[in-house]
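*Asks:* File data-v1.cif below, mmCIF, C-alpha atoms and all ligand atoms:
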data_protein
loop_
_atom_site.label_atom_id
_atom_site.label_comp_id
_atom_site.auth_asym_id
_atom_site.auth_seq_id
_atom_site.Cartn_x
_atom_site.Cartn_y
_atom_site.Cartn_z
CA MET A 14 -48.73 -116.01 -116.41
CA LEU A 15 -49.16 -112.38 -115.37
CA VAL A 16 -45.91 -112.23 -113.42
CA GLY A 17 -45.87 -110.11 -110.27
CA MET A 18 -49.65 -109.84 -109.93
CA ARG A 19 -49.97 -111.54 -106.51
CA ARG A 20 -52.24 -109.71 -104.06
CA THR A 21 -53.74 -107.64 -106.84
CA GLY A 22 -57.24 -107.60 -108.15
CA VAL A 23 -58.79 -106.72 -111.47
CA LEU A 24 -62.33 -105.39 -111.83
CA VAL A 25 -64.00 -106.22 -115.13
CA LEU A 26 -67.03 -104.07 -115.86
CA GLY A 27 -69.13 -106.48 -117.85
CA GLY A 28 -72.38 -107.20 -119.60
CA THR A 29 -70.74 -108.40 -122.83
CA GLY A 30 -69.28 -111.58 -124.29
CA GLU A 31 -65.85 -109.94 -124.31
CA ALA A 32 -66.09 -109.34 -120.55
CA ARG A 33 -66.98 -112.99 -119.96
CA ARG A 34 -64.10 -114.21 -122.12
CA LEU A 35 -61.66 -111.88 -120.40
CA ALA A 36 -62.81 -113.05 -116.96
CA ALA A 37 -62.41 -116.65 -118.06
CA ALA A 38 -58.82 -115.96 -119.09
CA LEU A 39 -58.05 -114.04 -115.90
CA VAL A 40 -59.43 -116.61 -113.44
CA ALA A 41 -56.87 -119.03 -114.84
CA GLU A 42 -54.04 -116.71 -113.75
CA PRO A 43 -52.50 -117.88 -110.47
CA GLY A 44 -52.47 -115.31 -107.70
CA LEU A 45 -54.85 -112.96 -109.47
CA HIS A 46 -58.32 -112.18 -108.20
CA VAL A 47 -60.83 -111.08 -110.82
CA VAL A 48 -64.22 -109.61 -109.99
CA SER A 49 -66.78 -109.19 -112.77
CA SER A 50 -69.45 -106.56 -112.32
CA LEU A 51 -72.88 -106.61 -113.94
CA ALA A 52 -75.52 -103.89 -113.85
CA GLY A 53 -78.32 -106.34 -113.08
CA ARG A 54 -80.53 -105.39 -116.03
CA VAL A 55 -81.06 -108.97 -117.28
CA ARG A 56 -83.07 -111.37 -115.12
CA GLU A 57 -80.94 -114.42 -115.91
CA PRO A 58 -77.57 -113.06 -117.04
CA LEU A 59 -74.88 -115.23 -118.58
CA LEU A 60 -72.37 -115.33 -115.74
CA PRO A 61 -68.60 -115.29 -116.19
CA PRO A 62 -66.40 -117.60 -114.14
CA GLY A 63 -64.93 -116.16 -110.94
CA GLU A 64 -66.43 -113.71 -108.46
CA VAL A 65 -69.39 -111.75 -109.75
CA ARG A 66 -71.07 -108.73 -108.19
CA ILE A 67 -74.39 -107.45 -109.50
CA GLY A 68 -75.90 -103.96 -109.37
CA GLY A 69 -74.76 -100.37 -109.69
CA PHE A 70 -72.00 -99.08 -107.42
CA GLY A 71 -73.91 -95.89 -106.60
CA GLY A 72 -71.95 -93.45 -108.75
CA PRO A 73 -68.28 -92.68 -109.38
CA GLN A 74 -67.36 -91.82 -105.78
CA ALA A 75 -68.81 -95.10 -104.53
CA LEU A 76 -66.97 -96.95 -107.28
CA ALA A 77 -63.73 -95.21 -106.27
CA ALA A 78 -64.33 -96.33 -102.66
CA TRP A 79 -65.01 -99.89 -103.83
CA LEU A 80 -61.74 -99.93 -105.80
CA ARG A 81 -59.84 -98.70 -102.77
CA GLU A 82 -61.42 -101.18 -100.35
CA ARG A 83 -60.79 -104.09 -102.68
CA GLY A 84 -57.18 -103.12 -103.42
CA THR A 85 -57.95 -103.07 -107.11
CA ALA A 86 -54.87 -102.86 -109.32
CA ALA A 87 -56.68 -102.25 -112.60
CA VAL A 88 -60.12 -101.84 -114.13
CA VAL A 89 -61.14 -103.12 -117.53
CA ASP A 90 -64.26 -101.42 -118.84
CA ALA A 91 -65.67 -104.17 -121.04
CA THR A 92 -69.22 -102.83 -120.99
CA HIS A 93 -71.38 -102.57 -124.08
CA PRO A 94 -70.33 -99.74 -126.44
CA PHE A 95 -73.55 -97.87 -125.58
CA ALA A 96 -73.13 -98.06 -121.79
CA ALA A 97 -71.70 -94.54 -121.82
CA ARG A 98 -72.64 -93.58 -118.27
CA MET A 99 -70.82 -96.53 -116.74
CA SER A 100 -67.79 -95.79 -118.91
CA ALA A 101 -67.73 -92.16 -117.76
CA HIS A 102 -68.05 -93.26 -114.13
CA ALA A 103 -65.14 -95.66 -114.56
CA VAL A 104 -62.96 -92.82 -115.86
CA ALA A 105 -63.89 -90.56 -112.96
CA ALA A 106 -63.36 -93.25 -110.31
CA CYS A 107 -60.08 -94.52 -111.75
CA THR A 108 -58.73 -90.98 -112.18
CA ALA A 109 -59.61 -90.13 -108.58
CA GLY A 110 -58.10 -93.35 -107.25
CA ARG A 111 -55.15 -93.45 -109.67
CA VAL A 112 -56.15 -96.92 -110.81
CA PRO A 113 -55.11 -97.88 -114.36
CA LEU A 114 -58.14 -98.16 -116.66
CA LEU A 115 -58.49 -99.96 -119.98
CA VAL A 116 -61.50 -99.84 -122.28
CA LEU A 117 -62.15 -103.10 -124.12
CA ARG A 118 -64.50 -102.34 -127.05
CA ARG A 119 -65.31 -104.69 -129.85
CA PRO A 120 -64.94 -103.00 -133.27
CA GLY A 121 -68.00 -101.33 -134.75
CA TRP A 122 -69.46 -102.54 -138.03
CA PRO A 123 -67.89 -101.11 -141.19
CA PRO A 124 -70.46 -98.50 -142.33
CA GLN A 125 -72.31 -99.37 -145.52
CA PRO A 126 -73.25 -96.71 -148.09
CA GLU A 127 -76.92 -97.64 -147.99
CA TRP A 128 -77.23 -97.27 -144.20
CA ILE A 129 -78.79 -94.25 -142.60
CA VAL A 130 -76.58 -93.39 -139.63
CA VAL A 131 -78.12 -91.39 -136.77
CA ASP A 132 -76.85 -89.99 -133.49
CA SER A 133 -79.87 -90.91 -131.41
CA LEU A 134 -82.90 -93.16 -131.41
CA ASP A 135 -85.12 -90.05 -131.33
CA GLU A 136 -83.58 -89.14 -134.68
CA ALA A 137 -84.25 -92.68 -135.94
CA ALA A 138 -87.89 -92.46 -134.82
CA ALA A 139 -88.35 -89.13 -136.60
CA LEU A 140 -87.09 -90.63 -139.88
CA LEU A 141 -89.40 -93.63 -139.90
CA PRO A 142 -92.40 -92.06 -141.70
CA GLY A 143 -90.26 -91.64 -144.81
CA LEU A 144 -88.75 -95.11 -144.64
CA GLY A 145 -91.40 -97.75 -144.06
CA GLU A 146 -94.36 -99.15 -142.16
CA ARG A 147 -93.05 -102.23 -140.39
CA VAL A 148 -89.92 -101.82 -138.28
CA PHE A 149 -87.63 -104.39 -136.68
CA LEU A 150 -86.12 -102.85 -133.53
CA THR A 151 -83.02 -104.43 -132.00
CA THR A 152 -82.05 -101.50 -129.83
CA GLY A 153 -82.54 -103.23 -126.47
CA ARG A 154 -85.34 -102.61 -124.00
CA GLY A 155 -83.91 -99.28 -122.92
CA GLY A 156 -84.28 -97.88 -126.44
CA LEU A 157 -88.01 -98.43 -126.87
CA ALA A 158 -89.19 -95.19 -125.29
CA ALA A 159 -87.99 -93.22 -128.32
CA PHE A 160 -90.58 -95.06 -130.44
CA ALA A 161 -93.51 -94.83 -128.03
CA GLY A 162 -95.07 -91.96 -129.97
CA SER A 163 -94.67 -93.58 -133.41
CA ASP A 164 -97.63 -94.85 -135.43
CA ARG A 165 -95.50 -97.53 -137.20
CA TRP A 166 -95.74 -101.26 -136.39
CA PHE A 167 -92.73 -102.69 -134.54
CA LEU A 168 -91.17 -106.09 -134.13
CA VAL A 169 -89.15 -105.82 -130.90
CA ARG A 170 -86.51 -108.36 -129.93
CA SER A 171 -85.19 -108.33 -126.38
CA ILE A 172 -83.84 -110.71 -123.75
CA ASP A 173 -86.46 -109.85 -121.12
CA PRO A 174 -89.99 -108.47 -121.69
CA PRO A 175 -89.96 -104.70 -122.27
CA GLU A 176 -91.58 -102.28 -119.86
CA PRO A 177 -93.42 -99.04 -120.72
CA PRO A 178 -93.03 -96.68 -122.41
CA VAL A 179 -93.11 -98.87 -125.51
CA PRO A 180 -94.51 -98.49 -129.05
CA ARG A 181 -98.31 -98.63 -129.28
CA ARG A 182 -98.30 -101.30 -131.98
CA MET A 183 -95.64 -103.95 -131.40
CA HIS A 184 -94.92 -107.66 -131.28
CA VAL A 185 -92.25 -108.82 -128.81
CA LEU A 186 -89.85 -111.67 -129.54
CA LEU A 187 -87.85 -112.81 -126.53
CA GLY A 188 -84.43 -114.07 -127.54
CA ARG A 189 -80.71 -113.84 -127.03
CA GLY A 190 -78.29 -114.02 -129.98
CA PRO A 191 -76.30 -114.93 -131.87
CA PHE A 192 -78.76 -115.60 -134.70
CA THR A 193 -78.11 -117.07 -138.12
CA VAL A 194 -78.50 -115.16 -141.37
CA ASP A 195 -81.07 -117.70 -142.60
CA ASP A 196 -83.16 -117.30 -139.46
CA GLU A 197 -82.93 -113.51 -139.66
CA ARG A 198 -84.02 -113.53 -143.30
CA ALA A 199 -86.96 -115.77 -142.44
CA LEU A 200 -87.93 -113.43 -139.60
CA LEU A 201 -87.81 -110.34 -141.83
CA ARG A 202 -89.97 -112.06 -144.41
CA ALA A 203 -92.45 -113.52 -141.91
CA HIS A 204 -93.16 -110.07 -140.47
CA ALA A 205 -92.93 -108.18 -143.78
CA ILE A 206 -90.30 -105.89 -142.27
CA ASP A 207 -89.24 -102.91 -144.36
CA VAL A 208 -86.95 -101.08 -141.90
CA LEU A 209 -84.36 -102.32 -139.39
CA VAL A 210 -83.32 -99.96 -136.58
CA THR A 211 -80.28 -101.02 -134.61
CA LYS A 212 -77.23 -99.74 -132.73
CA ASP A 213 -73.65 -100.04 -133.92
CA SER A 214 -72.92 -102.69 -131.33
CA GLY A 215 -70.41 -104.57 -133.45
CA GLY A 216 -70.12 -108.33 -133.13
CA PRO A 217 -72.31 -110.79 -135.02
CA ASP A 218 -73.98 -109.02 -137.95
CA ALA A 219 -76.46 -111.63 -139.22
CA LYS A 220 -79.39 -109.20 -139.10
CA LEU A 221 -77.50 -106.68 -141.23
CA VAL A 222 -76.56 -109.29 -143.82
CA ALA A 223 -80.16 -110.49 -143.83
CA ALA A 224 -81.51 -106.94 -144.19
CA ARG A 225 -79.31 -106.29 -147.20
CA ALA A 226 -80.37 -109.59 -148.79
CA GLU A 227 -84.05 -108.81 -148.22
CA GLY A 228 -83.88 -105.18 -149.38
CA VAL A 229 -84.74 -103.86 -145.90
CA ARG A 230 -83.73 -100.26 -145.12
CA VAL A 231 -81.20 -100.03 -142.28
CA VAL A 232 -80.95 -97.26 -139.68
CA VAL A 233 -77.90 -97.52 -137.40
CA GLN A 234 -77.30 -95.47 -134.27
CA ARG A 235 -73.73 -94.23 -134.08
CA ARG A 236 -71.68 -95.19 -131.00
CA PRO A 237 -71.00 -92.70 -128.27
CA PRO A 238 -67.30 -91.79 -128.21
CA VAL A 239 -64.89 -93.52 -125.87
CA PRO A 240 -63.89 -91.06 -123.12
CA ASP A 241 -60.78 -89.00 -123.97
CA GLY A 242 -57.35 -90.07 -122.78
CA VAL A 243 -58.22 -93.68 -121.94
CA ALA A 244 -56.32 -96.69 -123.30
CA VAL A 245 -58.54 -98.68 -125.66
CA VAL A 246 -58.16 -102.17 -127.15
CA ASP A 247 -60.53 -104.12 -129.35
CA SER A 248 -59.90 -107.72 -128.34
CA VAL A 249 -59.47 -109.95 -125.30
CA PRO A 250 -55.86 -110.95 -126.18
CA ARG A 251 -54.93 -107.25 -126.40
CA ALA A 252 -56.56 -106.63 -123.03
CA LEU A 253 -54.45 -109.44 -121.55
CA THR A 254 -51.32 -107.88 -123.03
CA TRP A 255 -52.23 -104.51 -121.52
CA LEU A 256 -52.74 -106.15 -118.13
CA ARG A 257 -49.33 -107.82 -118.40
CA ASP A 258 -47.69 -104.51 -119.27
CA THR A 259 -49.60 -102.29 -116.89
CA VAL A 260 -50.82 -104.16 -113.86
CA ALA A 261 -47.63 -106.08 -113.17
CA GLN A 262 -45.96 -102.71 -112.50
CA CYS A 263 -48.51 -102.06 -109.74
CA ALA A 264 -47.81 -105.31 -107.90
CA PRO A 265 -45.94 -105.07 -104.62
CA SER A 266 -42.28 -106.08 -104.94
CA THR A 267 -41.90 -109.16 -102.72
P1 LIG B 1 -75.24 -97.14 -118.45
O1 LIG B 1 -76.42 -96.34 -118.87
O2 LIG B 1 -73.91 -96.76 -118.96
O3 LIG B 1 -75.13 -97.20 -116.86
C1 LIG B 1 -76.18 -96.80 -116.00
C2 LIG B 1 -75.82 -97.24 -114.61
O4 LIG B 1 -75.89 -98.66 -114.48
C3 LIG B 1 -74.39 -96.90 -114.22
O5 LIG B 1 -74.30 -95.56 -113.77
C4 LIG B 1 -74.12 -97.91 -113.12
O6 LIG B 1 -74.76 -97.54 -111.90
C5 LIG B 1 -74.86 -99.13 -113.64
N1 LIG B 1 -74.00 -100.03 -114.41
C6 LIG B 1 -73.85 -100.11 -115.75
N2 LIG B 1 -73.02 -101.08 -116.08
C7 LIG B 1 -72.61 -101.63 -114.93
C8 LIG B 1 -71.74 -102.71 -114.61
N3 LIG B 1 -71.13 -103.43 -115.58
N4 LIG B 1 -71.54 -103.02 -113.30
C9 LIG B 1 -72.18 -102.30 -112.33
N5 LIG B 1 -73.01 -101.29 -112.56
C10 LIG B 1 -73.23 -100.96 -113.86
O7 LIG B 1 -75.49 -98.68 -118.79
P2 LIG B 1 -76.64 -99.38 -119.64
O8 LIG B 1 -76.55 -98.88 -121.05
O9 LIG B 1 -77.92 -99.29 -118.88
O10 LIG B 1 -76.12 -100.88 -119.65
C11 LIG B 1 -76.19 -101.64 -118.46
C12 LIG B 1 -75.38 -102.89 -118.65
O11 LIG B 1 -75.92 -103.65 -119.73
C13 LIG B 1 -73.92 -102.60 -118.97
O12 LIG B 1 -73.14 -103.36 -118.08
C14 LIG B 1 -73.74 -103.03 -120.40
O13 LIG B 1 -72.50 -103.68 -120.58
C15 LIG B 1 -74.91 -103.99 -120.64
N6 LIG B 1 -75.48 -103.85 -121.99
C16 LIG B 1 -75.89 -102.62 -122.42
C17 LIG B 1 -76.40 -102.51 -123.71
C18 LIG B 1 -76.83 -101.17 -124.26
O14 LIG B 1 -77.30 -101.13 -125.42
N7 LIG B 1 -76.71 -100.08 -123.52
C19 LIG B 1 -76.52 -103.65 -124.52
C20 LIG B 1 -76.09 -104.89 -124.04
C21 LIG B 1 -75.57 -104.96 -122.76
P3 LIG B 1 -73.99 -96.77 -110.74
O15 LIG B 1 -73.85 -95.35 -111.21
O16 LIG B 1 -74.93 -96.93 -109.57
O17 LIG B 1 -72.67 -97.45 -110.50
#
Can I see the file as structure tokens?
Ligand code: NAP
*Replies:*
Amino acid sequence: MLVGMRRTGVLVLGGTGEARRLAAALVAEPGLHVVSSLAGRVREPLLPPGEVRIGGFGGPQALAAWLRERGTAAVVDATHPFAARMSAHAVAACTAGRVPLLVLRRPGWPPQPEWIVVDSLDEAAALLPGLGERVFLTTGRGGLAAFAGSDRWFLVRSIDPPEPPVPRRMHVLLGRGPFTVDDERALLRAHAIDVLVTKDSGGPDAKLVAARAEGVRVVVQRRPPVPDGVAVVDSVPRALTWLRDTVAQCAPST
């Protein structure tokens, strides 16, 4: 039990499996109120247990006001590693409101010597002419605009249908992982893929294992850095430990 946490709340900034697992652990804590927050990008999101709010807060000042109104004792930023704007807003709001903030980030994939690592999807798009003709894109719907001007053929996998701007020549596969290595290999073969472009999201890596097995070139977008000076953990148990150590100190002494 998180002793001393009565009358305190924890905001989990979500959109990841880690956020859902953390919320599931926190709702089981007596006297603790957890609110999970989702951006609202996915039409039918996988919902965590407990209270869920959906949609942007309206910027860092509005988030700071929300934290104050809800008597929030701590924020866990468990957003996707590439949700850099939300992470920056969490830092600004928590600094302004003196609310303890933890970043929960799953580890990135260990870089492989054969990968081409880029800092942006624009850079990935510019490299494609030298790499191949048929490209498997698993960058999420928001990443497609970078490839709108490309003359390559793209296989695009996303949870919801993409909206313009999108590549001129593409086939869309709607799906939500995790996927198996065998299925990923079959997919690469069926579409004669010669390049995979993805983000260093971490987590299940079946597509990367499949790409290596099929001799497919791999382009990986590097993660944005975690904001300076923020506590960071890489697992749900470590986030729970941080909450025990940090948030209990914020609880009113009764
Ligand atoms: P982003 O660019 O960092 O954030 C853009 C804006 O969306 C934020 O300023 C905020 O609006 C709102 N927002 C983002 N996450 C939110 C959350 N958890 N709760 C409430 N508002 C949120 O984010 P993004 O890259 O578009 O990602 C959106 C969501 O999808 C994130 O929650 C992330 O965990 C999830 N996701 C992202 C990716 C990816 O590749 N980027 C992949 C899988 C899942 P306000 O300024 O109005 O508060």
*Asks:* Please report the interatomic distance between atom CA of Ala205 of chain A and atom CA of Val148 of chain A in Å with one decimal.
*Replies:*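 Atom-to-atom, atom CA of Ala205 of chain A and atom CA of Val148 of chain A are spaced 8.9 Å apart.
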*Asks:* Per residue of chain A within 8 Å of ligand LIG 1 (chain B), which atom pair is closest and at what distance in Å (one decimal), using all atoms listed in the file, listed by chain and increasing number, as a Markdown table?
*Replies:*
| residue | atom | partner | partner_atom | distance |
| --- | --- | --- | --- | --- |
| A:Val25 | CA | B:LIG1 | N3 | 7.7 |
| A:Leu26 | CA | B:LIG1 | N3 | 4.2 |
| A:Gly27 | CA | B:LIG1 | N3 | 4.3 |
| A:Gly28 | CA | B:LIG1 | O13 | 3.7 |
| A:Thr29 | CA | B:LIG1 | O13 | 5.5 |
| A:Ser49 | CA | B:LIG1 | N3 | 7.7 |
| A:Ser50 | CA | B:LIG1 | N4 | 4.2 |
| A:Leu51 | CA | B:LIG1 | N4 | 3.9 |
| A:Ala52 | CA | B:LIG1 | C10 | 3.7 |
| A:Gly53 | CA | B:LIG1 | C12 | 7.2 |
| A:Arg54 | CA | B:LIG1 | O11 | 6.2 |
| A:Val55 | CA | B:LIG1 | O11 | 7.8 |
| A:Arg66 | CA | B:LIG1 | N4 | 7.7 |
| A:Ile67 | CA | B:LIG1 | C9 | 6.3 |
| A:Gly68 | CA | B:LIG1 | C9 | 5.0 |
| A:Gly69 | CA | B:LIG1 | O16 | 3.4 |
| A:Phe70 | CA | B:LIG1 | O17 | 3.5 |
| A:Gly71 | CA | B:LIG1 | O16 | 3.3 |
| A:Gly72 | CA | B:LIG1 | O15 | 3.6 |
| A:Pro73 | CA | B:LIG1 | O15 | 6.4 |
| A:Ala75 | CA | B:LIG1 | O17 | 7.5 |
| A:Leu76 | CA | B:LIG1 | O17 | 6.6 |
| A:Asp90 | CA | B:LIG1 | N3 | 7.9 |
| A:Ala91 | CA | B:LIG1 | O13 | 6.9 |
| A:Thr92 | CA | B:LIG1 | O13 | 3.4 |
| A:His93 | CA | B:LIG1 | O13 | 3.8 |
| A:Pro94 | CA | B:LIG1 | C18 | 7.0 |
| A:Phe95 | CA | B:LIG1 | N7 | 4.4 |
| A:Ala96 | CA | B:LIG1 | O2 | 3.2 |
| A:Ala97 | CA | B:LIG1 | O2 | 4.2 |
| A:Arg98 | CA | B:LIG1 | O2 | 3.5 |
| A:Met99 | CA | B:LIG1 | O2 | 3.8 |
| A:Ser100 | CA | B:LIG1 | O2 | 6.2 |
| A:Ala101 | CA | B:LIG1 | O2 | 7.8 |
| A:His102 | CA | B:LIG1 | O5 | 6.7 |
| A:Thr152 | CA | B:LIG1 | O14 | 6.5 |
| A:Gly153 | CA | B:LIG1 | O14 | 5.7 |
| A:Gly155 | CA | B:LIG1 | O9 | 7.2 |
| A:Gly156 | CA | B:LIG1 | O14 | 7.8 |
| A:Lys212 | CA | B:LIG1 | O14 | 7.4 |
| A:Ser214 | CA | B:LIG1 | O14 | 7.5 |
*Asks:* Quick one: residues within 7 Å of segment 231-247 of chain A, all atoms listed in the file counted, chain neighbours fewer than 6 positions away excluded, as a list in words?
*Replies:*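 That gives Pro94, Phe95, Ala97, Ala101, Leu114, Leu115, Val116, Leu117, Arg118, Arg119, Pro120, Trp128, Ile129, Val130, Val131, Asp132, Ser133, Leu134, Ala137, Val208, Leu209, Val210, Thr211, Lys212 and Asp213 of chain A.
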*Asks:* Export C-alpha atoms of the chosen residues as an mmCIF file, in the frame of the given file?
*Replies:*
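As a result, out.cif now contains:
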data_model
loop_
_atom_site.group_PDB
_atom_site.id
_atom_site.type_symbol
_atom_site.label_atom_id
_atom_site.label_comp_id
_atom_site.auth_asym_id
_atom_site.auth_seq_id
_atom_site.Cartn_x
_atom_site.Cartn_y
_atom_site.Cartn_z
ATOM 1 C CA PRO A 94 -70.330 -99.740 -126.440
ATOM 2 C CA PHE A 95 -73.550 -97.870 -125.580
ATOM 3 C CA ALA A 97 -71.700 -94.540 -121.820
ATOM 4 C CA ALA A 101 -67.730 -92.160 -117.760
ATOM 5 C CA LEU A 114 -58.140 -98.160 -116.660
ATOM 6 C CA LEU A 115 -58.490 -99.960 -119.980
ATOM 7 C CA VAL A 116 -61.500 -99.840 -122.280
ATOM 8 C CA LEU A 117 -62.150 -103.100 -124.120
ATOM 9 C CA ARG A 118 -64.500 -102.340 -127.050
ATOM 10 C CA ARG A 119 -65.310 -104.690 -129.850
ATOM 11 C CA PRO A 120 -64.940 -103.000 -133.270
ATOM 12 C CA TRP A 128 -77.230 -97.270 -144.200
ATOM 13 C CA ILE A 129 -78.790 -94.250 -142.600
ATOM 14 C CA VAL A 130 -76.580 -93.390 -139.630
ATOM 15 C CA VAL A 131 -78.120 -91.390 -136.770
ATOM 16 C CA ASP A 132 -76.850 -89.990 -133.490
ATOM 17 C CA SER A 133 -79.870 -90.910 -131.410
ATOM 18 C CA LEU A 134 -82.900 -93.160 -131.410
ATOM 19 C CA ALA A 137 -84.250 -92.680 -135.940
ATOM 20 C CA VAL A 208 -86.950 -101.080 -141.900
ATOM 21 C CA LEU A 209 -84.360 -102.320 -139.390
ATOM 22 C CA VAL A 210 -83.320 -99.960 -136.580
ATOM 23 C CA THR A 211 -80.280 -101.020 -134.610
ATOM 24 C CA LYS A 212 -77.230 -99.740 -132.730
ATOM 25 C CA ASP A 213 -73.650 -100.040 -133.920
#
*Asks:* At a cut-off of 9 Å, using only C-alpha atoms, what residues contact Pro62 of chain A? Leave out same-chain residues fewer than 3 positions from it and give the result as JSON, numbers by chain.
*Replies:* {"A": [33, 34, 36, 37, 40, 49, 65]}
*Asks:* How far is it from atom CA of Leu35 of chain A to atom CA of Pro217 of chain A, in Å with one decimal?
*Replies:* 18.1 Å
*Asks:* What is the distance, in Å and to one decimal place, between atom CA of Glu82 of chain A and atom CA of Ala261 of chain A?
*Replies:*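 Computing it gives 19.5 Å between the two atoms.
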*Asks:* Between A:Arg225, A:Arg170, A:Arg56, A:His184, which is the closest to Thr151 of chain A once you count only C-alpha atoms?
*Replies:*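 Looking only at the distances to Thr151 of chain A, the closest residue turns out to be A:Arg170.
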*Asks:* From (-95.5, -104.6, -133.4), in the file's coordinates, out to 12 Å: which residues are reached, counting all atoms listed in the file? Answer as a ChimeraX atom specification.
*Replies:* /A:146-150,157,160-161,163-170,179-186,204-206
*Asks:* Any chance you can output those residues with C-alpha atoms as a compact mmCIF listing (two decimals), keeping the file's coordinate frame?
*Replies:*
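Saved file result31.txt follows:
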# COMPACT_ATOMS: atom_id res chain seq x y z
CA GLU A 146 -94.36 -99.15 -142.16
CA ARG A 147 -93.05 -102.23 -140.39
CA VAL A 148 -89.92 -101.82 -138.28
CA PHE A 149 -87.63 -104.39 -136.68
CA LEU A 150 -86.12 -102.85 -133.53
CA LEU A 157 -88.01 -98.43 -126.87
CA PHE A 160 -90.58 -95.06 -130.44
CA ALA A 161 -93.51 -94.83 -128.03
CA SER A 163 -94.67 -93.58 -133.41
CA ASP A 164 -97.63 -94.85 -135.43
CA ARG A 165 -95.50 -97.53 -137.20
CA TRP A 166 -95.74 -101.26 -136.39
CA PHE A 167 -92.73 -102.69 -134.54
CA LEU A 168 -91.17 -106.09 -134.13
CA VAL A 169 -89.15 -105.82 -130.90
CA ARG A 170 -86.51 -108.36 -129.93
CA VAL A 179 -93.11 -98.87 -125.51
CA PRO A 180 -94.51 -98.49 -129.05
CA ARG A 181 -98.31 -98.63 -129.28
CA ARG A 182 -98.30 -101.30 -131.98
CA MET A 183 -95.64 -103.95 -131.40
CA HIS A 184 -94.92 -107.66 -131.28
CA VAL A 185 -92.25 -108.82 -128.81
CA LEU A 186 -89.85 -111.67 -129.54
CA HIS A 204 -93.16 -110.07 -140.47
CA ALA A 205 -92.93 -108.18 -143.78
CA ILE A 206 -90.30 -105.89 -142.27
*Asks:* In terms of the shortest atom-to-atom distance over all atoms listed in the file, which of A:Val88, A:Val48, A:Ala159, A:Leu221 is closest to Ala139 of chain A?
*Replies:*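 Smallest distance to Ala139 of chain A is found for A:Ala159.
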*Asks:* Give me segment 209-213 of chain A with all heavy atoms filled in, as a JSON list (two decimals), in the coordinates of the input.
*Replies:*
[["chain", "number", "residue", "atom", "x", "y", "z"],
["A", 209, "LEU", "N", -85.05, -101.82, -140.59],
["A", 209, "LEU", "CA", -84.36, -102.32, -139.39],
["A", 209, "LEU", "C", -83.73, -101.12, -138.69],
["A", 209, "LEU", "O", -83.03, -100.34, -139.32],
["A", 209, "LEU", "CB", -83.27, -103.32, -139.80],
["A", 209, "LEU", "CG", -82.23, -103.67, -138.72],
["A", 209, "LEU", "CD1", -82.87, -104.49, -137.58],
["A", 209, "LEU", "CD2", -81.06, -104.46, -139.33],
["A", 210, "VAL", "N", -83.99, -101.01, -137.38],
["A", 210, "VAL", "CA", -83.32, -99.96, -136.58],
["A", 210, "VAL", "C", -82.47, -100.66, -135.53],
["A", 210, "VAL", "O", -82.99, -101.47, -134.74],
["A", 210, "VAL", "CB", -84.33, -99.02, -135.90],
["A", 210, "VAL", "CG1", -83.58, -97.98, -135.05],
["A", 210, "VAL", "CG2", -85.22, -98.33, -136.92],
["A", 211, "THR", "N", -81.18, -100.34, -135.53],
["A", 211, "THR", "CA", -80.28, -101.02, -134.61],
["A", 211, "THR", "C", -79.18, -100.06, -134.15],
["A", 211, "THR", "O", -79.11, -98.93, -134.61],
["A", 211, "THR", "CB", -79.70, -102.29, -135.28],
["A", 211, "THR", "OG1", -79.04, -103.09, -134.31],
["A", 211, "THR", "CG2", -78.74, -101.94, -136.42],
["A", 212, "LYS", "N", -78.37, -100.54, -133.22],
["A", 212, "LYS", "CA", -77.23, -99.74, -132.73],
["A", 212, "LYS", "C", -75.95, -100.35, -133.28],
["A", 212, "LYS", "O", -75.88, -101.57, -133.44],
["A", 212, "LYS", "CB", -77.16, -99.82, -131.21],
["A", 212, "LYS", "CG", -78.30, -99.21, -130.46],
["A", 212, "LYS", "CD", -78.13, -99.58, -128.99],
["A", 212, "LYS", "CE", -79.03, -98.79, -128.09],
["A", 212, "LYS", "NZ", -78.90, -99.20, -126.69],
["A", 213, "ASP", "N", -74.94, -99.52, -133.44],
["A", 213, "ASP", "CA", -73.65, -100.04, -133.92],
["A", 213, "ASP", "C", -72.94, -100.75, -132.78],
["A", 213, "ASP", "O", -71.94, -100.28, -132.25],
["A", 213, "ASP", "CB", -72.79, -98.91, -134.49],
["A", 213, "ASP", "CG", -71.47, -99.45, -135.03],
["A", 213, "ASP", "OD1", -71.33, -100.68, -135.16],
["A", 213, "ASP", "OD2", -70.57, -98.63, -135.31]]
